[in-house]
Amino acid sequence: MRIAVIGAGPAGLLLATLVARDLPSASVDLFERNGADEAFGFGVVFSDATQRGVDAADSALRTTLDAHGVRWDAIEVRLKDEIHSFAGNGMGAVLRKDLLAQLQQAAADAGVNLHFRHPAALADLRGYDIVAAADGANSRTRQAIGEDVLGTSFDYATAKFIWFATDHSFDGLTFLHQHVEGLGDVPGVFAAHAYPIGKGLSTFIVETDEATWRAAGLDDFDLTTPPGPSDEHSRRRLEEIFAPLIDGAQLIGNNSRWGNFRTIRSERWHAGNVVFLGDAVHTAHFSVGSGTKMAIEDAIALAEAIVAHPDDAEAAFAAYESVRQPAVARIQNAARPSLSWWENFGAYYHAFEPWQFAFHFFSRSLPTAKIARRDPAAAEEPQQEWVRRHGAPALASPLVLESGTGDRLELAARLIPRADLADVAVLEAPLDEEDLDAAIRSVFDSPDAPRAALVTGGTPLTRQLASEAIRLRHGASAVIHEPDCDDDRALTLVLSGRADAVAR
Ligand SMILES: Cc1cc2nc3c(=O)[nH]c(=O)nc-3n(C[C@H](O)[C@H](O)[C@H](O)COP(=O)(O)OP(=O)(O)OC[C@H]3O[C@@H](n4cnc5c(N)ncnc54)[C@H](O)[C@@H]3O)c2cc1C
């Protein structure tokens with residue numbers, strides 16, 4: 001059997017290695033357009049659970065992490081001179097270059113024929129039984145097959161991000177937030193996702209909303225220039241902005257340019273004898289740190305399927321898709337609330353005190369009880385802060401709402417029966433995030449807009465986002481209606497500032 005693999009990123013290298021090692025009758029050619037030692041980007045991060053899963057199939061990740069990586073347990077959120085921490089999140093990171101070097105060595109040892117500086121196109125690979133396309137998010141192979149054939153869709157985030165490294169040293173995954181004065185009527189907040197990757201370097205990804213990005217004059221880089229040069233103007237400006245938080249350390253570019261994160265989804269991952277893996281068919285927002293994890297797990301599953309069905313590519317591809325498509329969909333769904341957090345963090349920065357901002361972040365996909373299991377203090381601290389301000393625990397705190405008829409509605413607690421809110425205005429949340437603004441405007445864009453609303457319908461995420469918009473943008477009260485809401489979820493929604501109360 002002859003197999004061609006396009007792309008020597010983590011997905012292509014591991015697939016080629018595993019097939020060559022576990023199917024000795026196969027001849028595997030791997031084509032990479034770049035040289036062996038050229039790698040864009042800096043570090044990649046893996047949870048302990050991912051490392052254990054990958055270990056069972058191949059030792060390259062473990063070997064690299066043991067030799068060159070950095071491990072940590074706590075996530076930190078820093079803003080307004082405060083640090084809030086959430087432990088129990090075991091993770092490790094390594095330079096992408098080190099991981100690729102280890103994977104290249106493993107591929108060579110397994111007998112893969114490695115062809116660097118050799119761009120490959122489908123039309124040149126006719127003699128192969130299987131062509132595996134691991135050619136990344138801008139996959140030419142996907143375009144050659146036809147994105148309509150594969151059912152590929154693209155969603156663009158509105159936030160702007162740019163990827164650097166820094167020589168400032170961080171202990172673990174750290175989220176820094178810095179407000180810039182004097183930018184006019186925009187949030188003016190910049191966030192950095194930073195984590196150590198070894199050799200004295202840390203990854204430093206900066207994110208901000210588009211209005212802030214323009215107001216800060218960061219939009220003057222010519223994006224039509226070919227890959228290679230970094231956006232030097234932005235690098236220097238961001239060094240200044242973050243200087244107080246990183247002791248004036250330098251930011252280091254590597255083809256670093258602003259972009260909008262693109263979530264790629266594909267209904268089908270194969271067509272004929274061509275099969276796709278990694279970023280070529282799916283991406284998930286980098287804040288969930290899962291791109292390389294998904295690429296590696298795809299490679300393991302695809303190699304197992306090819307080895308199990310050496311004479312039947314169609315059966316192998318079907319087996320591969322049945323294992324990986326649901327797993328990837330779960331990660332992409334989990335990434336949604338995280339991505340949406342990064343679309344709105346400027347508003348949260350201004351609206352919330354640091355303890356609540358940090359808890360809002362930690363709870364974007366975990367309820368309070370799960371946070372408490374990993375780190376009791378991370379769940380306890382916001383509850384104590386709440387009691388200090390309100391004199392009672394979050395769900396036992398009274399609340400006064402104004403009903404649609406202008407009457408005062410005095411509630412004794414924050415988890416209440418729906419029937420108690422019969423006179424409160426109702427906002428029907430949409431199923432899609434893109435319809436949120438219109439739904440909110442339909443209720444709140446009028447001089448006699450209600451002072452409180454019950455948010456119902458939609459999805460858990462659109463209900464939360466609608467509720468936040470009512471609270472933060474319109475200064476009104478919002479109660480989320482969830483018939484099946486348990487105490488833990490209600491506590492999370494109220495304590496994090498996503499809702500004033502919950503009705504069921
Ligand atoms: C800002 C940012 C931060 C990230 N942080 C993390 C993180 O912390 N953790 C994590 O797990 N993931 C992270 N990722 C995602 C990660 O970089 C990718 O998901 C991962 O590299 C995907 O692996 P891949 O093998 O599918 O594709 P890639 O790594 O993109 O590899 C594709 C390869 O194909 C080659 N190629 C393309 N076309 C051709 C051709 N025609 N012929 C030959 N070769 C070709 C390319 O040169 C490249 O080497 C991040 C991504 C971004 C944008």
# chains A, B, ... in the order shown; residues from 1 in each chain; ligands from 1
>>> select_by_dssp(residues="stretch 258-390 of chain A", states="helix (DSSP H, G or I)", output="PyMOL selection string")
chain A and resi 278-280+286-288+291-308+313-351+354-362+368-374+376-390
>>> residues_around(residues="A:Arg463", least_positions_apart="4", cutoff="12 Å", atoms="only C-alpha atoms", output="PyMOL selection string")
chain A and resi 337+426-433+435-436+439-440+453-459+467-470+478-482+493+498-499+502
>>> write_last_selection(atoms="C-alpha atoms", output="PDB file, in the first residue's frame")
ATOM      1  CA  PRO A 337     -18.644  29.868  25.438  1.00  0.00           C
ATOM      2  CA  VAL A 426     -40.128  38.718  28.576  1.00  0.00           C
ATOM      3  CA  LEU A 427     -37.203  38.599  26.160  1.00  0.00           C
ATOM      4  CA  GLU A 428     -37.120  35.559  23.881  1.00  0.00           C
ATOM      5  CA  ALA A 429     -33.441  34.672  23.347  1.00  0.00           C
ATOM      6  CA  PRO A 430     -32.567  33.564  19.790  1.00  0.00           C
ATOM      7  CA  LEU A 431     -31.018  30.215  18.889  1.00  0.00           C
ATOM      8  CA  ASP A 432     -28.107  31.909  17.071  1.00  0.00           C
ATOM      9  CA  GLU A 433     -25.659  34.381  18.593  1.00  0.00           C
ATOM     10  CA  ASP A 435     -29.530  37.270  16.148  1.00  0.00           C
ATOM     11  CA  LEU A 436     -28.883  38.443  19.722  1.00  0.00           C
ATOM     12  CA  ALA A 439     -33.671  40.353  19.906  1.00  0.00           C
ATOM     13  CA  ILE A 440     -32.358  42.693  22.607  1.00  0.00           C
ATOM     14  CA  ALA A 453     -36.661  41.291  31.852  1.00  0.00           C
ATOM     15  CA  LEU A 454     -37.089  37.534  32.071  1.00  0.00           C
ATOM     16  CA  VAL A 455     -34.853  35.896  29.457  1.00  0.00           C
ATOM     17  CA  THR A 456     -36.288  32.682  28.130  1.00  0.00           C
ATOM     18  CA  GLY A 457     -35.928  30.348  25.080  1.00  0.00           C
ATOM     19  CA  GLY A 458     -32.748  30.220  22.968  1.00  0.00           C
ATOM     20  CA  THR A 459     -29.769  28.176  24.181  1.00  0.00           C
ATOM     21  CA  SER A 467     -28.982  38.541  30.201  1.00  0.00           C
ATOM     22  CA  GLU A 468     -25.508  40.111  30.361  1.00  0.00           C
ATOM     23  CA  ALA A 469     -26.342  42.607  27.630  1.00  0.00           C
ATOM     24  CA  ILE A 470     -29.477  43.664  29.528  1.00  0.00           C
ATOM     25  CA  ALA A 478     -32.192  40.250  34.074  1.00  0.00           C
ATOM     26  CA  VAL A 479     -33.582  36.934  35.285  1.00  0.00           C
ATOM     27  CA  ILE A 480     -32.717  33.814  33.304  1.00  0.00           C
ATOM     28  CA  HIS A 481     -35.554  31.309  32.873  1.00  0.00           C
ATOM     29  CA  GLU A 482     -34.363  27.679  32.944  1.00  0.00           C
ATOM     30  CA  LEU A 493     -25.107  32.350  36.988  1.00  0.00           C
ATOM     31  CA  ARG A 498     -24.391  36.618  34.306  1.00  0.00           C
ATOM     32  CA  ALA A 499     -27.877  37.100  35.783  1.00  0.00           C
ATOM     33  CA  VAL A 502     -32.809  32.518  37.949  1.00  0.00           C
TER      34      VAL A 502
END
>>> residues_near_ligand(ligand="ligand 1", cutoff="8 Å", atoms="only C-alpha atoms and all ligand atoms", output="compact mmCIF listing (two decimals) with C-alpha atoms, in the first residue's frame")
# COMPACT_ATOMS: atom_id res chain seq x y z
CA ILE A 6 0.60 16.31 2.83
CA GLY A 7 1.94 18.53 5.63
CA ALA A 8 4.49 17.87 8.38
CA GLY A 9 2.64 19.55 11.24
CA PRO A 10 1.80 17.47 14.32
CA ALA A 11 -1.07 15.66 12.52
CA GLY A 12 0.84 14.63 9.39
CA LEU A 13 4.03 13.61 11.20
CA PHE A 31 5.57 16.07 1.80
CA GLU A 32 6.21 19.38 3.58
CA ARG A 33 6.53 22.68 1.73
CA ASN A 34 8.84 24.22 4.40
CA ALA A 39 8.11 26.39 12.32
CA GLY A 41 4.23 29.99 16.17
CA GLY A 43 4.36 27.01 22.16
CA VAL A 44 1.61 24.46 22.38
CA VAL A 45 -0.15 23.51 25.59
CA PHE A 46 -1.62 20.14 26.60
CA ALA A 93 3.64 23.23 27.32
CA ARG A 117 10.80 21.83 0.83
CA HIS A 118 8.44 19.86 -1.35
CA PRO A 119 4.97 21.42 -1.75
CA ALA A 120 2.49 18.76 -2.83
CA ALA A 121 -0.71 19.12 -4.85
CA ALA A 134 -2.80 17.39 7.04
CA ASP A 135 -2.01 20.69 5.35
CA GLY A 136 -3.41 22.99 8.02
CA ALA A 137 -6.17 25.58 8.34
CA ASN A 138 -5.61 27.04 4.85
CA SER A 139 -5.61 23.56 3.28
CA ARG A 140 -5.15 23.73 -0.49
CA THR A 141 -6.23 20.08 -0.69
CA PHE A 161 -5.60 38.44 18.11
CA ILE A 162 -1.87 38.37 17.47
CA TRP A 163 0.64 35.71 18.55
CA ILE A 205 -1.14 35.94 22.58
CA PHE A 261 -9.92 33.52 14.81
CA LEU A 277 -7.09 15.48 9.58
CA GLY A 278 -6.16 18.29 11.95
CA ASP A 279 -6.72 21.99 11.27
CA ALA A 280 -7.56 21.22 7.62
CA THR A 283 -10.31 24.37 14.50
CA ALA A 284 -11.35 25.44 18.01
CA HIS A 285 -10.57 28.79 19.62
CA PHE A 286 -7.01 28.82 21.01
CA SER A 287 -8.24 29.74 24.51
CA VAL A 288 -9.21 26.08 24.97
CA GLY A 289 -5.70 25.02 23.88
CA SER A 290 -6.92 22.07 21.81
CA GLY A 291 -5.71 22.52 18.21
CA THR A 292 -2.62 20.34 18.47
CA LYS A 293 -4.44 17.93 20.79
CA MET A 294 -7.17 17.38 18.16
CA ALA A 295 -4.57 17.07 15.37
CA ILE A 296 -2.66 14.41 17.33
>>> closest_residue(among="A:Leu415, A:Ala392, A:Ala26, A:Met91", to="A:Thr50", atoms="only C-alpha atoms")
A:Met91
>>> select_by_dssp(residues="stretch 323-431 of chain A", states="strand (DSSP E or B)", output="PyMOL selection string")
chain A and resi 399-402+408-411+415-416+425-429
>>> residues_around(residues="A:Gly217", least_positions_apart="6", cutoff="12 Å", atoms="only C-alpha atoms", output="list in words")
Leu183, Gly188, Glu210, Ala211, His233, Ser234, Arg237 and Leu238 of chain A
>>> residues_around(residues="A:Gly272", least_positions_apart="4", cutoff="10 Å", atoms="only C-alpha atoms", output="PyMOL selection string")
chain A and resi 130-131+145+313-314+317
>>> atom_distance(atom1="atom CA of A:Phe204", atom2="atom CA of A:Ser169")
10.7 Å
>>> atom_distance(atom1="atom CA of A:Phe40", atom2="atom CA of A:Leu103")
15.8 Å
>>> residues_around(residues="A:Ile252", least_positions_apart="5", cutoff="6 Å", atoms="only C-alpha atoms", output="PyMOL selection string")
chain A and resi 164-166
>>> write_last_selection(atoms="N, CA and C atoms", output="JSON list (two decimals), in the first residue's frame")
[["chain", "number", "residue", "atom", "x", "y", "z"],
["A", 164, "PHE", "N", 2.61, 36.31, 19.88],
["A", 164, "PHE", "CA", 4.04, 36.60, 20.11],
["A", 164, "PHE", "C", 4.60, 35.61, 21.12],
["A", 165, "ALA", "N", 5.92, 35.72, 21.35],
["A", 165, "ALA", "CA", 6.52, 35.13, 22.55],
["A", 165, "ALA", "C", 7.08, 36.30, 23.36],
["A", 166, "THR", "N", 7.46, 36.03, 24.60],
["A", 166, "THR", "CA", 8.14, 37.05, 25.41],
["A", 166, "THR", "C", 9.23, 36.37, 26.23]]
>>> closest_residue(among="A:Ala329, A:Ala216, A:Ala36, A:Ala316", to="A:Glu267", atoms="only C-alpha atoms")
A:Ala329
>>> residues_around(residues="A:Glu232", least_positions_apart="3", cutoff="12 Å", atoms="only C-alpha atoms", output="JSON, numbers by chain")
{"A": [162, 164, 218, 219, 220, 221, 222, 228, 229, 235, 236, 237, 238, 239, 251, 252, 253, 254, 255, 256, 257, 258]}
>>> write_last_selection(atoms="C-alpha atoms", output="compact mmCIF listing (two decimals), in the first residue's frame")
# COMPACT_ATOMS: atom_id res chain seq x y z
CA ILE A 162 -1.87 38.37 17.47
CA PHE A 164 4.04 36.60 20.11
CA LEU A 218 -3.05 48.96 15.36
CA ASP A 219 -4.78 48.55 12.01
CA ASP A 220 -2.09 50.04 9.79
CA PHE A 221 -0.14 46.88 8.85
CA ASP A 222 -0.35 45.86 5.19
CA GLY A 228 7.41 36.39 6.89
CA PRO A 229 7.60 39.90 8.33
CA ARG A 235 4.80 44.59 18.59
CA ARG A 236 6.34 47.81 19.91
CA ARG A 237 2.97 49.33 20.88
CA LEU A 238 1.94 46.18 22.77
CA GLU A 239 5.31 46.10 24.54
CA LEU A 251 7.76 40.73 22.80
CA ILE A 252 9.24 38.51 20.10
CA GLY A 253 7.58 38.13 16.70
CA ASN A 254 7.53 35.15 14.34
CA ASN A 255 5.32 35.94 11.34
CA SER A 256 3.14 37.70 13.95
CA ARG A 257 0.14 39.49 12.47
CA TRP A 258 -3.33 40.38 13.63
>>> residues_around(residues="A:Asp66", least_positions_apart="6", cutoff="12 Å", atoms="only C-alpha atoms", output="list in words")
Gln51, Ser59, Ala60, Gly92, Ala93, Val94, Asp98, Leu99, Gln102 and Gly198 of chain A
>>> write_last_selection(atoms="N, CA and C atoms", output="PDB file, in the first residue's frame")
ATOM      1  N   GLN A  51      -2.184  14.342  27.591  1.00  0.00           N
ATOM      2  CA  GLN A  51      -0.865  13.686  27.571  1.00  0.00           C
ATOM      3  C   GLN A  51      -1.007  12.196  27.845  1.00  0.00           C
ATOM      4  N   SER A  59       5.138   7.866  22.166  1.00  0.00           N
ATOM      5  CA  SER A  59       5.861   8.499  23.276  1.00  0.00           C
ATOM      6  C   SER A  59       6.452   9.863  22.912  1.00  0.00           C
ATOM      7  N   ALA A  60       6.284  10.336  21.649  1.00  0.00           N
ATOM      8  CA  ALA A  60       6.983  11.560  21.225  1.00  0.00           C
ATOM      9  C   ALA A  60       6.589  12.776  22.070  1.00  0.00           C
ATOM     10  N   GLY A  92       0.832  21.102  30.566  1.00  0.00           N
ATOM     11  CA  GLY A  92       2.232  21.220  30.212  1.00  0.00           C
ATOM     12  C   GLY A  92       2.323  21.898  28.859  1.00  0.00           C
ATOM     13  N   ALA A  93       3.466  22.558  28.617  1.00  0.00           N
ATOM     14  CA  ALA A  93       3.642  23.226  27.319  1.00  0.00           C
ATOM     15  C   ALA A  93       5.058  23.006  26.823  1.00  0.00           C
ATOM     16  N   VAL A  94       5.203  23.124  25.539  1.00  0.00           N
ATOM     17  CA  VAL A  94       6.498  22.890  24.927  1.00  0.00           C
ATOM     18  C   VAL A  94       6.606  23.763  23.681  1.00  0.00           C
ATOM     19  N   ASP A  98      10.315  22.214  19.187  1.00  0.00           N
ATOM     20  CA  ASP A  98      10.845  21.019  19.861  1.00  0.00           C
ATOM     21  C   ASP A  98       9.947  19.815  19.612  1.00  0.00           C
ATOM     22  N   LEU A  99       8.628  20.049  19.672  1.00  0.00           N
ATOM     23  CA  LEU A  99       7.694  18.936  19.429  1.00  0.00           C
ATOM     24  C   LEU A  99       7.849  18.428  17.999  1.00  0.00           C
ATOM     25  N   GLN A 102      11.009  16.328  17.536  1.00  0.00           N
ATOM     26  CA  GLN A 102      10.861  14.968  18.084  1.00  0.00           C
ATOM     27  C   GLN A 102       9.998  14.111  17.155  1.00  0.00           C
ATOM     28  N   GLY A 198       9.416  26.984  28.029  1.00  0.00           N
ATOM     29  CA  GLY A 198      10.786  26.474  28.139  1.00  0.00           C
ATOM     30  C   GLY A 198      11.772  27.401  27.458  1.00  0.00           C
TER      31      GLY A 198
END
>>> atom_distance(atom1="atom CA of A:Asp185", atom2="atom CA of A:Pro244")
23.4 Å
>>> closest_residue(among="A:Ser340, A:Leu61, A:Arg330, A:Ala422", to="A:Thr462", atoms="only C-alpha atoms")
A:Ser340
>>> closest_residue(among="A:Ser25, A:Thr17, A:Ser442, A:Gln464", to="A:Asp58", atoms="only C-alpha atoms")
A:Thr17
>>> closest_residue(among="A:Glu38, A:Glu297, A:Glu321, A:Glu410", to="A:Ala56", atoms="only C-alpha atoms")
A:Glu297
>>> closest_residue(among="A:Ile197, A:Ala396, A:Ala4, A:Ala159", to="A:Asp124", atoms="only C-alpha atoms")
A:Ala4
